[in-house]
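Text of target35.tsv (TSV, C-alpha atoms and all ligand atoms) as supplied:
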```tsv
chain	number	residue	atom	x	y	z
A	1	MET	CA	-31.29	25.00	63.97
A	2	HIS	CA	-27.79	23.99	65.04
A	3	LEU	CA	-25.82	21.52	62.99
A	4	PRO	CA	-24.10	18.81	64.99
A	5	ALA	CA	-20.32	19.06	64.89
A	6	THR	CA	-19.85	16.01	62.62
A	7	GLU	CA	-22.33	17.34	60.11
A	8	LYS	CA	-20.48	20.64	60.11
A	9	ALA	CA	-17.17	18.91	59.47
A	10	LEU	CA	-18.71	16.88	56.64
A	11	ASP	CA	-20.13	20.06	55.16
A	12	GLU	CA	-16.67	21.61	55.21
A	13	VAL	CA	-15.07	18.60	53.52
A	14	LEU	CA	-17.77	18.50	50.85
A	15	SER	CA	-17.47	22.20	50.12
A	16	LYS	CA	-13.82	21.54	49.18
A	17	ALA	CA	-14.26	18.10	47.62
A	18	VAL	CA	-16.92	19.13	45.11
A	19	PRO	CA	-14.87	21.83	43.34
A	20	PHE	CA	-11.80	19.59	43.58
A	21	THR	CA	-13.47	16.62	41.84
A	22	THR	CA	-15.00	18.97	39.27
A	23	PHE	CA	-11.52	20.28	38.55
A	24	ILE	CA	-10.04	16.76	38.22
A	25	THR	CA	-12.89	15.69	35.94
A	26	PHE	CA	-12.32	18.76	33.79
A	27	LEU	CA	-8.61	17.90	33.51
A	28	LEU	CA	-9.36	14.29	32.56
A	29	VAL	CA	-11.86	15.33	29.89
A	30	ALA	CA	-9.50	18.01	28.52
A	31	PHE	CA	-6.51	15.66	28.30
A	32	GLY	CA	-8.62	12.85	26.90
A	33	GLY	CA	-10.01	15.16	24.24
A	34	LEU	CA	-6.57	16.44	23.35
A	35	GLU	CA	-5.23	12.89	23.08
A	36	LEU	CA	-8.09	11.91	20.75
A	37	ALA	CA	-7.56	15.04	18.64
A	38	LYS	CA	-3.85	14.21	18.33
A	39	ARG	CA	-4.66	10.78	16.99
A	40	ARG	CA	-7.31	11.97	14.61
A	41	TYR	CA	-5.58	15.10	13.30
A	42	PRO	CA	-1.85	14.77	14.00
A	43	GLU	CA	-0.96	17.46	11.49
A	44	LEU	CA	-3.05	20.11	13.31
A	45	ILE	CA	-1.35	19.57	16.63
A	46	ASN	CA	2.21	19.39	15.44
A	47	PRO	CA	2.76	19.98	11.72
A	48	SER	CA	6.50	19.31	11.77
A	49	ARG	CA	6.00	15.71	12.90
A	50	LEU	CA	4.23	14.72	9.74
A	51	ILE	CA	6.01	16.75	7.13
A	52	GLU	CA	7.52	14.60	4.44
A	53	THR	CA	10.86	15.89	3.36
A	54	PHE	CA	12.62	14.44	0.37
A	55	LYS	CA	16.34	14.36	0.70
A	56	ASP	CA	18.17	14.43	-2.57
A	57	ASP	CA	20.54	11.56	-2.20
A	58	GLU	CA	22.03	10.68	-5.61
A	59	ASP	CA	22.34	7.00	-4.86
A	60	ASP	CA	18.91	6.15	-3.48
A	61	ARG	CA	16.16	8.71	-3.86
A	62	MET	CA	14.67	7.86	-0.52
A	63	PRO	CA	11.79	9.91	0.79
A	64	ASP	CA	12.82	10.79	4.34
A	65	PHE	CA	9.70	10.47	6.46
A	66	ARG	CA	10.12	11.70	10.00
A	67	TRP	CA	9.27	9.11	12.55
A	68	SER	CA	6.17	9.96	14.51
A	69	PRO	CA	4.40	8.02	17.26
A	70	TRP	CA	1.04	9.18	15.93
A	71	ALA	CA	1.64	8.63	12.26
A	72	GLY	CA	0.57	4.99	12.21
A	73	ALA	CA	-2.73	5.56	13.91
A	74	GLN	CA	-5.02	6.51	11.09
A	75	ARG	CA	-5.62	5.43	7.55
A	76	ARG	CA	-8.27	7.40	5.75
A	77	LEU	CA	-10.63	4.85	4.17
A	78	PRO	CA	-10.60	4.97	0.36
A	79	ALA	CA	-13.86	5.88	-1.37
A	80	ILE	CA	-15.94	3.01	-2.80
A	81	LEU	CA	-14.37	2.21	-6.19
A	82	LYS	CA	-16.37	1.94	-9.40
A	83	ALA	CA	-14.05	1.33	-12.34
A	84	SER	CA	-16.63	2.79	-14.73
A	85	ASP	CA	-16.25	6.21	-13.05
A	86	HIS	CA	-12.61	6.32	-14.18
A	87	LEU	CA	-12.89	5.30	-17.84
A	88	ASN	CA	-12.17	8.77	-19.20
A	89	ASP	CA	-9.86	10.25	-16.59
A	90	GLY	CA	-6.99	10.46	-19.12
A	91	LYS	CA	-4.71	8.51	-16.80
A	92	HIS	CA	-2.77	5.29	-16.85
A	93	HIS	CA	-3.98	3.01	-14.04
A	94	LEU	CA	-1.32	1.21	-12.02
A	95	LEU	CA	-2.41	-1.35	-9.45
A	96	LEU	CA	0.67	-1.67	-7.25
A	97	ALA	CA	0.70	-4.51	-4.73
A	98	ALA	CA	3.15	-5.59	-2.04
A	99	THR	CA	3.25	-8.84	-0.07
A	100	GLY	CA	5.11	-9.77	3.11
A	101	SER	CA	8.76	-9.43	2.12
A	102	VAL	CA	11.26	-6.92	3.51
A	103	ALA	CA	11.40	-5.43	0.01
A	104	THR	CA	7.99	-3.88	0.77
A	105	ILE	CA	10.03	-0.98	2.17
A	106	LYS	CA	10.91	-0.08	-1.45
A	107	ILE	CA	7.27	0.80	-2.16
A	108	PRO	CA	7.75	4.45	-1.05
A	109	ASN	CA	10.78	4.74	-3.36
A	110	ILE	CA	8.83	3.31	-6.28
A	111	ILE	CA	5.91	5.69	-5.71
A	112	THR	CA	8.25	8.68	-5.30
A	113	ALA	CA	10.06	7.85	-8.53
A	114	LEU	CA	6.72	7.69	-10.37
A	115	SER	CA	5.52	10.98	-8.91
A	116	ASN	CA	6.71	13.06	-11.86
A	117	HIS	CA	4.19	11.50	-14.23
A	118	PRO	CA	1.15	13.79	-14.19
A	119	ASN	CA	-1.12	11.32	-15.96
A	120	LEU	CA	-0.61	8.32	-13.69
A	121	SER	CA	-3.02	7.04	-11.06
A	122	ILE	CA	-1.78	4.50	-8.50
A	123	ARG	CA	-3.86	2.29	-6.22
A	124	LEU	CA	-1.83	0.41	-3.65
A	125	LEU	CA	-2.74	-3.02	-2.27
A	126	LEU	CA	-0.99	-4.47	0.77
A	127	SER	CA	-1.25	-7.95	2.21
A	128	GLU	CA	-1.72	-8.26	5.95
A	129	SER	CA	1.98	-9.14	6.33
A	130	ALA	CA	3.14	-6.30	4.08
A	131	VAL	CA	1.38	-3.73	6.27
A	132	ASN	CA	3.81	-4.58	9.08
A	133	PHE	CA	6.70	-3.09	7.12
A	134	LEU	CA	5.04	0.32	6.79
A	135	LYS	CA	4.24	1.54	10.28
A	136	ALA	CA	6.49	4.60	10.54
A	137	GLN	CA	9.03	2.56	12.52
A	138	SER	CA	12.01	4.08	10.66
A	139	PRO	CA	12.67	7.02	8.33
A	140	GLU	CA	12.46	4.75	5.25
A	141	GLN	CA	9.23	3.11	6.45
A	142	PRO	CA	6.45	5.71	6.43
A	143	ALA	CA	2.97	4.98	7.71
A	144	LEU	CA	0.11	4.33	5.31
A	145	SER	CA	-1.36	7.73	6.24
A	146	GLN	CA	1.85	9.31	4.88
A	147	ILE	CA	1.95	7.15	1.74
A	148	ALA	CA	-1.67	8.08	1.06
A	149	LYS	CA	-0.56	11.72	0.69
A	150	MET	CA	2.13	10.96	-1.90
A	151	LYS	CA	1.60	12.18	-5.43
A	152	ASN	CA	-0.42	9.93	-7.78
A	153	VAL	CA	-1.62	7.70	-4.92
A	154	ASP	CA	-5.40	7.55	-5.29
A	155	GLY	CA	-6.14	4.79	-2.80
A	156	ILE	CA	-4.63	2.24	-0.44
A	157	TYR	CA	-6.58	-0.98	0.03
A	158	LEU	CA	-6.28	-3.67	2.69
A	159	ASP	CA	-8.06	-7.00	3.06
A	160	GLN	CA	-10.75	-5.58	5.34
A	161	ASP	CA	-11.83	-3.10	2.63
A	162	GLU	CA	-13.55	-5.96	0.77
A	163	TRP	CA	-15.98	-6.25	3.68
A	164	ARG	CA	-16.39	-2.63	4.65
A	165	LYS	CA	-20.13	-2.65	4.22
A	166	PRO	CA	-22.38	-5.75	4.34
A	167	TRP	CA	-22.90	-6.56	0.69
A	168	ILE	CA	-26.29	-6.12	-0.96
A	169	ARG	CA	-27.38	-6.52	-4.58
A	170	GLY	CA	-26.09	-3.60	-6.65
A	171	ASP	CA	-22.99	-2.97	-4.51
A	172	SER	CA	-19.65	-3.14	-6.27
A	173	ILE	CA	-17.15	-5.86	-5.37
A	174	LEU	CA	-13.75	-4.41	-4.64
A	175	HIS	CA	-11.45	-7.04	-6.15
A	176	ILE	CA	-13.47	-7.06	-9.39
A	177	GLU	CA	-13.52	-3.25	-9.60
A	178	LEU	CA	-9.76	-3.12	-9.00
A	179	ARG	CA	-9.16	-5.58	-11.82
A	180	ARG	CA	-11.42	-3.66	-14.19
A	181	TRP	CA	-9.78	-0.39	-13.18
A	182	ALA	CA	-6.18	-1.58	-13.64
A	183	ASP	CA	-4.21	-1.29	-16.88
A	184	LEU	CA	-1.24	-3.02	-15.25
A	185	MET	CA	-0.90	-4.85	-11.95
A	186	VAL	CA	2.56	-4.97	-10.39
A	187	ILE	CA	3.28	-7.17	-7.37
A	188	ALA	CA	6.61	-5.97	-6.01
A	189	PRO	CA	7.64	-7.70	-3.85
A	190	LEU	CA	5.96	-11.08	-4.41
A	191	SER	CA	6.62	-13.26	-1.33
A	192	ALA	CA	7.21	-17.02	-1.50
A	193	ASN	CA	3.82	-17.54	0.12
A	194	SER	CA	1.96	-15.30	-2.31
A	195	LEU	CA	3.83	-16.85	-5.25
A	196	ALA	CA	2.63	-20.29	-4.13
A	197	LYS	CA	-0.92	-19.01	-3.76
A	198	VAL	CA	-0.88	-17.30	-7.17
A	199	VAL	CA	0.15	-20.45	-9.04
A	200	GLN	CA	-2.23	-22.70	-7.09
A	201	GLY	CA	-5.19	-20.40	-7.62
A	202	PHE	CA	-5.77	-19.45	-3.99
A	203	SER	CA	-7.83	-16.32	-3.45
A	204	ASP	CA	-8.01	-15.89	0.30
A	205	ASN	CA	-7.08	-12.21	0.48
A	206	LEU	CA	-7.58	-9.04	-1.57
A	207	ILE	CA	-4.39	-9.33	-3.66
A	208	ASN	CA	-4.93	-13.00	-4.47
A	209	SER	CA	-8.59	-12.36	-5.30
A	210	VAL	CA	-7.61	-9.71	-7.86
A	211	VAL	CA	-5.00	-12.07	-9.35
A	212	ARG	CA	-7.49	-14.97	-9.40
A	213	ALA	CA	-10.15	-12.81	-11.05
A	214	TRP	CA	-7.71	-11.52	-13.69
A	215	ASP	CA	-8.86	-11.72	-17.30
A	216	ALA	CA	-6.45	-14.43	-18.47
A	217	THR	CA	-8.00	-14.45	-21.96
A	218	GLY	CA	-7.60	-10.72	-22.58
A	219	MET	CA	-11.15	-10.69	-24.00
A	220	ILE	CA	-13.13	-9.30	-21.05
A	221	ASP	CA	-11.26	-6.09	-20.25
A	222	GLN	CA	-10.73	-3.78	-23.22
A	223	ALA	CA	-8.36	-0.82	-23.52
A	224	ARG	CA	-9.91	2.56	-22.72
A	225	PRO	CA	-9.91	5.11	-25.55
A	226	GLY	CA	-6.53	6.83	-25.84
A	227	VAL	CA	-4.85	4.68	-23.20
A	228	PRO	CA	-2.88	1.75	-24.60
A	229	LEU	CA	-2.60	-1.37	-22.44
A	230	PRO	CA	0.88	-2.63	-21.53
A	231	TYR	CA	1.11	-5.78	-23.65
A	232	VAL	CA	0.41	-7.23	-27.10
A	233	GLU	CA	0.56	-3.96	-29.04
A	234	GLY	CA	-1.45	-2.02	-26.47
A	235	LYS	CA	-4.27	-4.55	-26.38
A	236	LYS	CA	-3.69	-6.66	-23.28
A	237	LYS	CA	-3.48	-6.08	-19.56
A	238	GLY	CA	-0.99	-8.04	-17.51
A	239	ILE	CA	0.48	-8.76	-14.10
A	240	MET	CA	4.15	-7.99	-13.51
A	241	VAL	CA	5.72	-9.72	-10.50
A	242	ALA	CA	9.02	-9.20	-8.69
A	243	PRO	CA	9.61	-12.19	-6.38
A	244	ALA	CA	11.70	-11.55	-3.26
A	245	MET	CA	12.72	-14.09	-0.67
A	246	ASN	CA	15.56	-15.54	1.37
A	247	THR	CA	18.21	-17.38	-0.70
A	248	ALA	CA	17.26	-20.74	0.80
A	249	MET	CA	13.62	-20.13	-0.04
A	250	TRP	CA	14.56	-19.14	-3.58
A	251	HIS	CA	16.64	-22.30	-4.09
A	252	HIS	CA	13.98	-24.61	-2.63
A	253	PRO	CA	12.78	-26.95	-5.43
A	254	VAL	CA	9.17	-25.84	-5.07
A	255	THR	CA	10.17	-22.31	-6.14
A	256	ALA	CA	11.32	-23.54	-9.55
A	257	GLU	CA	8.01	-25.35	-10.02
A	258	HIS	CA	6.09	-22.21	-9.17
A	259	MET	CA	8.30	-19.94	-11.25
A	260	LYS	CA	7.88	-22.17	-14.30
A	261	ARG	CA	4.18	-21.33	-14.29
A	262	LEU	CA	4.73	-17.58	-14.26
A	263	SER	CA	7.81	-17.21	-16.44
A	264	ASP	CA	6.89	-19.94	-18.89
A	265	ASP	CA	3.37	-21.42	-19.06
A	266	TRP	CA	1.48	-18.21	-18.21
A	267	SER	CA	3.99	-15.65	-19.46
A	268	ILE	CA	3.03	-12.82	-21.78
A	269	SER	CA	5.62	-14.11	-24.26
A	270	ASN	CA	3.71	-17.42	-24.44
A	271	GLY	CA	0.30	-15.82	-24.83
A	272	GLY	CA	-0.31	-15.59	-21.09
A	273	TRP	CA	-0.64	-12.61	-18.76
A	274	PHE	CA	2.41	-12.64	-16.45
A	275	GLU	CA	5.74	-10.89	-16.71
A	276	VAL	CA	8.49	-11.81	-14.22
A	277	LEU	CA	11.16	-9.38	-13.03
A	278	SER	CA	13.77	-11.84	-11.79
A	279	PRO	CA	15.37	-11.65	-8.36
A	280	ILE	CA	18.96	-10.49	-8.09
A	281	GLN	CA	21.97	-11.60	-6.13
A	282	LYS	CA	23.05	-9.57	-3.11
A	283	GLU	CA	23.39	-9.62	0.64
A	284	LEU	CA	19.85	-9.96	1.94
A	285	ALA	CA	18.34	-8.23	4.94
A	286	CYS	CA	18.64	-11.47	6.90
A	287	GLY	CA	22.44	-11.57	6.38
A	288	ASP	CA	22.52	-14.47	3.88
A	289	THR	CA	24.16	-13.72	0.56
A	290	GLY	CA	22.85	-15.08	-2.70
A	291	SER	CA	19.95	-14.93	-5.09
A	292	GLY	CA	16.40	-14.10	-4.09
A	293	ALA	CA	16.52	-10.35	-3.46
A	294	MET	CA	13.92	-8.27	-5.27
A	295	HIS	CA	14.76	-6.90	-8.72
A	296	ASP	CA	16.33	-3.42	-8.27
A	297	TRP	CA	13.44	-1.07	-7.49
A	298	LYS	CA	14.72	1.48	-10.02
A	299	LEU	CA	14.44	-1.16	-12.73
A	300	VAL	CA	10.94	-1.99	-11.50
A	301	VAL	CA	10.11	1.70	-12.00
A	302	ALA	CA	11.70	1.69	-15.46
A	303	ALA	CA	9.70	-1.42	-16.44
A	304	ILE	CA	6.45	0.22	-15.27
A	305	GLU	CA	7.25	3.40	-17.22
A	306	ASP	CA	8.04	1.38	-20.30
A	307	ARG	CA	4.99	-0.92	-20.25
A	308	LEU	CA	2.56	1.92	-19.48
A	309	GLN	CA	4.32	4.14	-22.06
A	310	LEU	CA	4.69	6.92	-19.52
A	311	GLY	CA	7.88	8.30	-20.98
A	312	ARG	CA	10.81	8.93	-18.67
A	313	GLY	CA	10.36	11.93	-16.39
A	314	GLN	CA	12.79	14.82	-16.96
A	315	GLU	CA	13.74	14.76	-13.30
A	316	LYS	CA	14.89	11.20	-13.60
A	317	ALA	CA	17.10	11.74	-16.64
A	318	GLY	CA	19.82	12.89	-14.22
A	319	LEU	CA	19.74	9.56	-12.42
A	320	GLU	CA	21.25	7.47	-15.20
B	1	LIG	C1	10.74	-9.60	9.02
B	1	LIG	C2	10.23	-10.58	8.01
B	1	LIG	C3	10.72	-10.56	6.73
B	1	LIG	C4	10.25	-11.45	5.77
B	1	LIG	N1	10.76	-11.42	4.51
B	1	LIG	C5	10.27	-12.27	3.59
B	1	LIG	C6	10.76	-12.23	2.25
B	1	LIG	O1	11.63	-11.41	1.89
B	1	LIG	N2	10.23	-13.07	1.36
B	1	LIG	C7	9.23	-13.97	1.68
B	1	LIG	O2	8.80	-14.68	0.82
B	1	LIG	N3	8.77	-14.03	2.95
B	1	LIG	C8	9.27	-13.21	3.90
B	1	LIG	N4	8.77	-13.27	5.18
B	1	LIG	C9	7.72	-14.25	5.50
B	1	LIG	C10	6.34	-13.77	5.04
B	1	LIG	O3	6.05	-12.50	5.58
B	1	LIG	C11	5.26	-14.78	5.44
B	1	LIG	O4	5.50	-15.98	4.73
B	1	LIG	C12	3.86	-14.29	5.19
B	1	LIG	O5	2.96	-15.34	5.50
B	1	LIG	C13	3.63	-13.81	3.76
B	1	LIG	O6	2.27	-13.49	3.60
B	1	LIG	P1	1.76	-12.78	2.27
B	1	LIG	O7	2.30	-13.54	1.13
B	1	LIG	O8	0.26	-12.88	2.37
B	1	LIG	O9	2.18	-11.37	2.31
B	1	LIG	C14	9.26	-12.39	6.14
B	1	LIG	C15	8.76	-12.40	7.43
B	1	LIG	C16	9.24	-11.52	8.36
B	1	LIG	C17	8.68	-11.59	9.77
B	2	LIG	C1	0.80	10.51	-20.42
B	2	LIG	O1	1.99	11.27	-20.60
B	2	LIG	C2	2.97	10.64	-21.41
B	2	LIG	C3	4.22	11.51	-21.37
B	2	LIG	O2	3.91	12.84	-21.63
B	2	LIG	C4	2.44	10.43	-22.81
B	2	LIG	O3	3.40	9.76	-23.59
B	2	LIG	C5	1.16	9.60	-22.72
B	2	LIG	O4	0.57	9.46	-24.00
B	2	LIG	C6	0.15	10.24	-21.77
B	2	LIG	N1	-0.97	9.31	-21.64
B	2	LIG	C7	-2.24	9.69	-21.67
B	2	LIG	C8	-3.26	8.61	-21.43
B	2	LIG	O5	-2.61	10.82	-21.85
```

This structure in structure tokens:
Amino acid sequence: MHLPATEKALDEVLSKAVPFTTFITFLLVAFGGLELAKRRYPELINPSRLIETFKDDEDDRMPDFRWSPWAGAQRRLPAILKASDHLNDGKHHLLLAATGSVATIKIPNIITALSNHPNLSIRLLLSESAVNFLKAQSPEQPALSQIAKMKNVDGIYLDQDEWRKPWIRGDSILHIELRRWADLMVIAPLSANSLAKVVQGFSDNLINSVVRAWDATGMIDQARPGVPLPYVEGKKKGIMVAPAMNTAMWHHPVTAEHMKRLSDDWSISNGGWFEVLSPIQKELACGDTGSGAMHDWKLVVAAIEDRLQLGRGQEKAGLE
């Protein structure tokens, strides 16, 4: 049987088009797969992009994280926390939190400086605003995936982690487990907004829920055997805060009202549970000069080492 001419022509076109489209589909699938793999496992594709190098700069021991377009993509979810699983781990438990101030970029420095303490466990909490400062946008602002790999960091928690799994009876509640787990909570920096929420009792995010659920009496959470708590002769937990804000915000009258609560009414020295690391005077990131900048991060580190009785690392002795 003879094929009509048009059918023949169509047959010819199809015989070329089919392998051509198969080839294009193959390319699309291959590139798509590679792109997904890059996002999921950046270190496999290009190890040098994610390597954290630590430059030894005498002035500011800044971890130098290489900028990477993929680094921000993934945060490995922390395991479900049960404080009772960590009672006898022989470690001091630091709950380190940061809220939406530019001083959040000092978090990597603080963690690096604490990395020479072998018996320290750090869990990091970030407010939704604070996360914006740690997206690998500059060498001093690593992504959370990079911070998660730093020494002593055993978990990074964001607001959405409270609701990771629909709650049923018997499940743990993250903000309560974090409070039970912590020996010391440090909020550095504490933003004006979070300061206001702390003193007014708001608990609308993970950090404020931990603060609101804190054992103000010191009777609920006991010291673990062999691990002294930071305050009242090793018997009481506490929350250390380092406020950081624009000079105008700091001098606003409402700040003094809020600060009176933390550094007076509820302070450790008055039988409470807060310790304040006061802001310092300097030129702020916004260009204004004056008070309101976060307490020097190295002094924040020293205060943590002192309260947790970590001893000063040998490496750091050279820094003085
Ligand atoms: C770039 C940038 C820098 C900021 N720096 C500060 C700051 O140093 N202190 C502060 O109190 N608020 C600062 N803010 C405003 C807070 O991020 C904002 O009030 C936010 O709602 C705080 O939320 P949080 O307390 O839940 O983290 C800054 C905002 C931006 C966009
Ligand atoms: C952790 O190490 C420091 C310094 O060596 C020590 O003083 C402290 O007692 C240790 N803490 C625990 C819980 O083992």

Cut-off 7 Å: closest chain A/ligand LIG 1 (chain B) atom pairs per residue, using all atoms listed in the file, as a Markdown table:
```
| residue | atom | partner | partner_atom | distance |
| --- | --- | --- | --- | --- |
| A:Thr99 | CA | B:LIG1 | O9 | 3.6 |
| A:Gly100 | CA | B:LIG1 | O9 | 3.4 |
| A:Ser101 | CA | B:LIG1 | C6 | 3.4 |
| A:Val102 | CA | B:LIG1 | N1 | 4.6 |
| A:Ala103 | CA | B:LIG1 | O1 | 6.3 |
| A:Ser127 | CA | B:LIG1 | O9 | 4.8 |
| A:Glu128 | CA | B:LIG1 | O8 | 6.2 |
| A:Ser129 | CA | B:LIG1 | O9 | 4.6 |
| A:Ala130 | CA | B:LIG1 | O9 | 5.5 |
| A:Leu190 | CA | B:LIG1 | O2 | 7.0 |
| A:Ser191 | CA | B:LIG1 | O2 | 3.4 |
| A:Ala192 | CA | B:LIG1 | O2 | 3.7 |
| A:Asn193 | CA | B:LIG1 | O7 | 4.4 |
| A:Ser194 | CA | B:LIG1 | O7 | 3.9 |
| A:Ala244 | CA | B:LIG1 | N2 | 5.1 |
| A:Met245 | CA | B:LIG1 | N2 | 3.4 |
| A:Asn246 | CA | B:LIG1 | O1 | 5.7 |
```

Q: Just give me the gap between CA of Gly238 in chain A and CA of Ala213 in chain A in Å, one decimal is fine.
A: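 Rounded to one decimal, the two atoms are 12.2 Å apart.
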
May I have a table of the residues of chain A lying at most 10 Å from ligand LIG 2 (chain B), giving each one's closest pair of atoms and their distance in Å to one decimal, counting all atoms listed in the file, ordered by chain and ascending residue number, as a tab-separated table?
```
residue	atom	partner	partner_atom	distance
A:Asn88	CA	B:LIG2	C8	9.2
A:Asp89	CA	B:LIG2	C8	8.3
A:Gly90	CA	B:LIG2	C8	4.8
A:Lys91	CA	B:LIG2	C8	4.9
A:His92	CA	B:LIG2	C8	5.7
A:His93	CA	B:LIG2	C8	9.3
A:Asn116	CA	B:LIG2	C3	10.0
A:His117	CA	B:LIG2	O1	6.7
A:Pro118	CA	B:LIG2	O1	6.9
A:Asn119	CA	B:LIG2	C1	4.9
A:Leu120	CA	B:LIG2	C1	7.2
A:Arg224	CA	B:LIG2	C8	9.1
A:Pro225	CA	B:LIG2	C8	8.6
A:Gly226	CA	B:LIG2	C8	5.8
A:Val227	CA	B:LIG2	C8	4.6
A:Pro228	CA	B:LIG2	C8	7.6
A:Glu305	CA	B:LIG2	C2	9.4
A:Leu308	CA	B:LIG2	C5	8.5
A:Gln309	CA	B:LIG2	O3	5.9
A:Leu310	CA	B:LIG2	C2	4.5
A:Gly311	CA	B:LIG2	C3	4.9
A:Arg312	CA	B:LIG2	C3	7.6
A:Gly313	CA	B:LIG2	C3	7.9
```

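Coordinates place CA of Ala182 in chain A at a distance of 11.4 Å from CA of Val211 in chain A.
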
Q) Residues at most 9 Å from Gly218 in chain A, counting all atoms listed in the file, excluding those fewer than 3 positions away in the same chain, as a list in words? A) Trp214, Asp215, Asp221, Gln222, Lys235, Lys236, Lys237, Gly238, Gly272 and Trp273 of chain A

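With all atoms listed in the file as the atoms that count, the residue of A:Leu262, A:Ile168, A:Leu81, A:Ala148 with the shortest distance to Val198 in chain A is A:Leu262.
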
Q: Could you give me, as number ranges by chain, the residues that have an atom at most 7 Å away from the point (9.1, -3.2, -6.6) in the coordinates of the file, using all atoms listed in the file?
A: A: 106-107, 110, 188-189, 242, 297, 300
